[in-house]
Amino acid sequence: MKVFRDVILLEEAIKKLKEFYKPKPKVEEVDLFNATGRVSAEDVYAISDVPPFDRATMDGYAVKAEDTFEADEENPVRLKVLGYISAGEWKDIEVTNGCAVEIATGAPMPKGSNAVVMVEYTKRIGDYVEIFKAVAPGENVMSAGSDVMQGELILRKGDIITHRDIGVLASCGISKVKVYKRPTVAIISTGNELVEVGKELEFGKIYDVNSYTLFSAVEENGGKALFLGIARDKEDEIERLIRRGLEIADIVITSGGTSAGVGDIVYRVLNKWKPGVIVHGIAVKPGKPAIIAICNGKPVFGLPGYPTSALIVFEVLVAPILRALAGIPKEENRIRAKIATKTFSAEGRREFLPVNIAKGSEGYMAYPVSGYYSGAITSLAFSDGFIEIPENVVMLEEGENVEVKLFSRLKPADLMIIGSHCIGVDIILRILNKIKPINTKVINIGSTGGILAIKRGEADIAGTHLLDESGVYNEPFIRKYRLRDVVLVKGYLREQGFIVKRGNPKRIKSFRDLLRKDVTFINRNKGSGTRILLDMNLKKLANDLGIDFDEVVKSIKGYEVEAKTHTSVAVSVLSGKADVGIGIKSVAIKYGLDFIPIRAEEYDFLIRKDRLNKESVKLFLNVLKSEEFSKELEKIGMKTYERTGELIEF
């Protein structure tokens, strides 16, 4: 038998709820028209290149760029026009020296052409066109895969899908996506005093505020709200609506009728199911009379009638369950601040005190909302968040440090990582999020881009693996770009090498093999450590062969095709788009490809000194030095070593 009003601590109440109910997210597939705002239930990879072919970006003439090098306004180059290609049309025309094809914006580039001369710099004369301006190879051409490459990760599991994501998915031909199913929540208000918003308000009556605020709170936290109406203080009326809610929803929320008054009968109704009420009374302020029940295996939350009480209890008890069911990552939307005024609290109850935030020279300051009481909806409407005052604290001194839970989900990333792509970083973040979930953004733009992002203050951490001609990793480049007040944290070792198909059918052994006519190469983006490693070796090869570096580059089929990540290199080889690429051993293992080692490289982390005390950065570095990370890294062909975690100051 449940004891009415057996007030327990908040942690105890949550523990009891977990004993009877564990959220189990469900997955459904939706089309792109219905995917916006939903949470992705899986990693999504591009199934095609974007664009899928080399296309013209201007109206004009497709040419061989070298045919135009001597062209100017005084001495135009004259080329024979072989035909015209419009957008969406393909013609089997090959551009040879001395020829051109008229082309429309968006049309596929004909064979043999490598540039487009804008129509403004041409003059058509019969079957010929005069060119008045030279163009470079690739000018006014968007190469296949230059926007998105097949196999590239375009949507992460747990991401909230935006219109921008929809555009990328559609461009790759993906029409449906798996998302977490939104939990349905039935909302019921109770009380003889309530009047529906919009109707005339009689004396002694109040508008039903909670239905609207709770409906909105459910939707904000990933749920689908269903308002079932207002039940008067009659047992049969309340029971009818709760039964209806249990039939159509995953969770039921009532507000009002939870305290000890004669009209408060919600707890009696809920005890008609087994086990019924498991908690009635929580040592919190506001929200003490809250109810938690389990009916037909579903959680029912009886929230207090006062608006602030109802919303605080919702925030603490209901929102985490909704977010878990909706697949939304746990969001620790909190900041550290100092309390602006001396504040008193009631001993024996945990108080959730609404505050406003102001940022001053000493950081954030938290101002308690004046005139706060649980019946005032403005206590929350005009506040930025709330602080928790423990049960055993009766006073907070002015200037005392507090943690503020912000109401808004919109905030900058807790950890911004910009730099070279590495699976090791993904492992660190996975382990880190098991310790404490943080909002992380990772931008893969190569080692050089990461160093510059640190210099400009845009990143907390930059992953880098730049090899200097002296044989030293990263340090010379920090000096080259004149970075100050930064530290280089030594990371781990990973092997770079040639990635080829299983069995190495083209018998790739060295950089010299890249010059073969029967070998197609896939390159990495400029500024990446892998690209620098490649070019250093090609320069050495050019020197050994006694030819220019540019000559070597021109001899490599596919040198100009760039992949933004190691994964894209592996997928290009796996799909047959390339015979060989350079990448890290771990992606070769992941995709069942062969790997020919080139050298072990040092993948390090560059961090601004003023970010070293940031909690997310400290957590990141702790994971980097952990045994768990070391073991996980070894599984994918990388390893930590004696210098892992060492700090070098600049």
# chains A, B, ... in the order shown; residues from 1 in each chain; ligands from 1
>>> residues_around(residues="Gly191 of chain A", least_positions_apart="2", cutoff="8 Å", atoms="only C-alpha atoms", output="PyMOL selection string")
chain A and resi 189+193-194+230-233+256-257
>>> closest_atom_pairs(of="segment 137-255 of chain A", to="segment 543-562 of chain A", cutoff="9 Å", atoms="only C-alpha atoms", output="CSV")
residue,atom,partner,partner_atom,distance
A:Ser143,CA,A:Val561,CA,8.3
A:Ala144,CA,A:Val561,CA,8.7
A:Gly145,CA,A:Val561,CA,8.4
A:Ser146,CA,A:Glu562,CA,7.5
>>> closest_atom_pairs(of="segment 171-210 of chain A", to="segment 19-33 of chain A", cutoff="12 Å", atoms="only C-alpha atoms", output="CSV")
residue,atom,partner,partner_atom,distance
A:Ser171,CA,A:Leu32,CA,11.5
A:Gly173,CA,A:Leu32,CA,10.7
A:Ile174,CA,A:Leu32,CA,8.3
A:Ser175,CA,A:Asp31,CA,5.8
A:Lys176,CA,A:Asp31,CA,4.3
A:Val177,CA,A:Glu29,CA,5.6
A:Lys178,CA,A:Glu29,CA,4.3
A:Val179,CA,A:Glu28,CA,5.6
A:Tyr180,CA,A:Val27,CA,4.5
A:Lys181,CA,A:Val27,CA,5.2
A:Arg182,CA,A:Lys26,CA,8.2
A:Pro183,CA,A:Pro25,CA,8.4
A:Thr184,CA,A:Lys26,CA,11.7
>>> residues_around(residues="Ile93 of chain A", least_positions_apart="6", cutoff="8 Å", atoms="only C-alpha atoms", output="VMD selection string")
chain A and resid 82 to 83 110 to 111
>>> residues_around(residues="Tyr364 of chain A", least_positions_apart="6", cutoff="10 Å", atoms="only C-alpha atoms", output="count of residues only")
10
>>> atom_distance(atom1="atom CA of Thr341 of chain A", atom2="atom CA of Phe407 of chain A")
21.2 Å
>>> closest_residue(among="A:Leu624, A:Asp604, A:Glu102, A:Ile423", to="Gly583 of chain A", atoms="only C-alpha atoms")
A:Ile423
>>> residues_around(residues="Asn75 of chain A", least_positions_apart="3", cutoff="10 Å", atoms="only C-alpha atoms", output="tab-separated table (two decimals) with N, CA and C atoms, in the first residue's frame")
chain	number	residue	atom	x	y	z
A	70	GLU	N	47.00	31.93	-74.89
A	70	GLU	CA	47.52	33.08	-75.63
A	70	GLU	C	46.45	34.12	-75.94
A	71	ALA	N	45.21	33.87	-75.50
A	71	ALA	CA	44.09	34.74	-75.88
A	71	ALA	C	44.09	36.04	-75.09
A	72	ASP	N	43.82	37.15	-75.81
A	72	ASP	CA	43.54	38.44	-75.16
A	72	ASP	C	42.65	39.24	-76.08
A	78	ARG	N	40.80	31.55	-82.01
A	78	ARG	CA	39.65	31.12	-82.81
A	78	ARG	C	39.51	29.59	-82.70
A	130	GLU	N	35.39	33.16	-81.19
A	130	GLU	CA	36.62	33.84	-80.83
A	130	GLU	C	36.66	34.01	-79.32
A	131	ILE	N	37.81	33.65	-78.72
A	131	ILE	CA	38.00	33.72	-77.27
A	131	ILE	C	38.90	34.91	-76.96
A	132	PHE	N	38.40	35.85	-76.09
A	132	PHE	CA	39.15	37.07	-75.79
A	132	PHE	C	39.82	37.05	-74.41
A	133	LYS	N	39.67	35.94	-73.68
A	133	LYS	CA	40.27	35.87	-72.34
A	133	LYS	C	40.70	34.44	-72.05
>>> residues_around(residues="Ile443 of chain A", least_positions_apart="5", cutoff="7 Å", atoms="only C-alpha atoms", output="list of chain:residue names")
A:Ile417, A:Ile418, A:Gly419
>>> residues_around(residues="Asn433 of chain A", least_positions_apart="4", cutoff="10 Å", atoms="only C-alpha atoms", output="short mmCIF file (atom, residue, chain, number, x, y, z; two decimals) with N, CA and C atoms, in the first residue's frame")
data_model
loop_
_atom_site.label_atom_id
_atom_site.label_comp_id
_atom_site.auth_asym_id
_atom_site.auth_seq_id
_atom_site.Cartn_x
_atom_site.Cartn_y
_atom_site.Cartn_z
N PRO A 329 20.21 14.07 -27.35
CA PRO A 329 21.29 13.88 -26.37
C PRO A 329 21.01 14.66 -25.10
N LYS A 330 21.46 14.09 -23.97
CA LYS A 330 21.32 14.80 -22.71
C LYS A 330 22.02 16.14 -22.83
N ILE A 427 36.67 8.74 -31.04
CA ILE A 427 36.72 7.83 -29.88
C ILE A 427 36.81 8.62 -28.59
N ILE A 428 37.65 9.68 -28.57
CA ILE A 428 37.76 10.52 -27.38
C ILE A 428 36.40 11.10 -27.01
N LEU A 429 35.69 11.62 -28.01
CA LEU A 429 34.40 12.25 -27.74
C LEU A 429 33.36 11.23 -27.27
N PRO A 437 27.94 14.30 -20.83
CA PRO A 437 27.51 14.73 -22.16
C PRO A 437 27.79 16.22 -22.38
N ILE A 438 28.44 16.54 -23.47
CA ILE A 438 28.70 17.94 -23.82
C ILE A 438 28.33 18.18 -25.27
N ASN A 439 28.02 19.41 -25.57
CA ASN A 439 27.66 19.80 -26.93
C ASN A 439 28.94 20.11 -27.70
N THR A 440 29.29 19.23 -28.62
CA THR A 440 30.55 19.35 -29.35
C THR A 440 30.30 19.58 -30.83
N LEU A 619 38.27 17.80 -19.68
CA LEU A 619 37.72 16.45 -19.83
C LEU A 619 38.34 15.76 -21.05
N PHE A 620 38.46 16.51 -22.14
CA PHE A 620 39.06 15.97 -23.37
C PHE A 620 40.47 15.46 -23.10
#
>>> closest_residue(among="A:Ile188, A:Leu612, A:Met118, A:Ala462", to="Asp485 of chain A", atoms="only C-alpha atoms")
A:Leu612
>>> select_by_dssp(residues="segment 11-173 of chain A", states="alpha helix (DSSP H)", output="list in words")
Glu11, Glu12, Ala13, Ile14, Lys15, Lys16, Leu17, Lys18, Glu19, Phe20, His163, Arg164, Asp165, Ile166, Gly167, Val168, Leu169, Ala170 and Ser171 of chain A
>>> closest_residue(among="A:Gly222, A:Gly245, A:Gly229, A:Pro354", to="Glu196 of chain A", atoms="only C-alpha atoms")
A:Gly229
>>> atom_distance(atom1="atom CA of Glu73 of chain A", atom2="atom CA of Pro108 of chain A")
28.0 Å
>>> closest_residue(among="A:Met142, A:Thr308, A:Glu237, A:Leu9", to="Asn210 of chain A", atoms="only C-alpha atoms")
A:Thr308
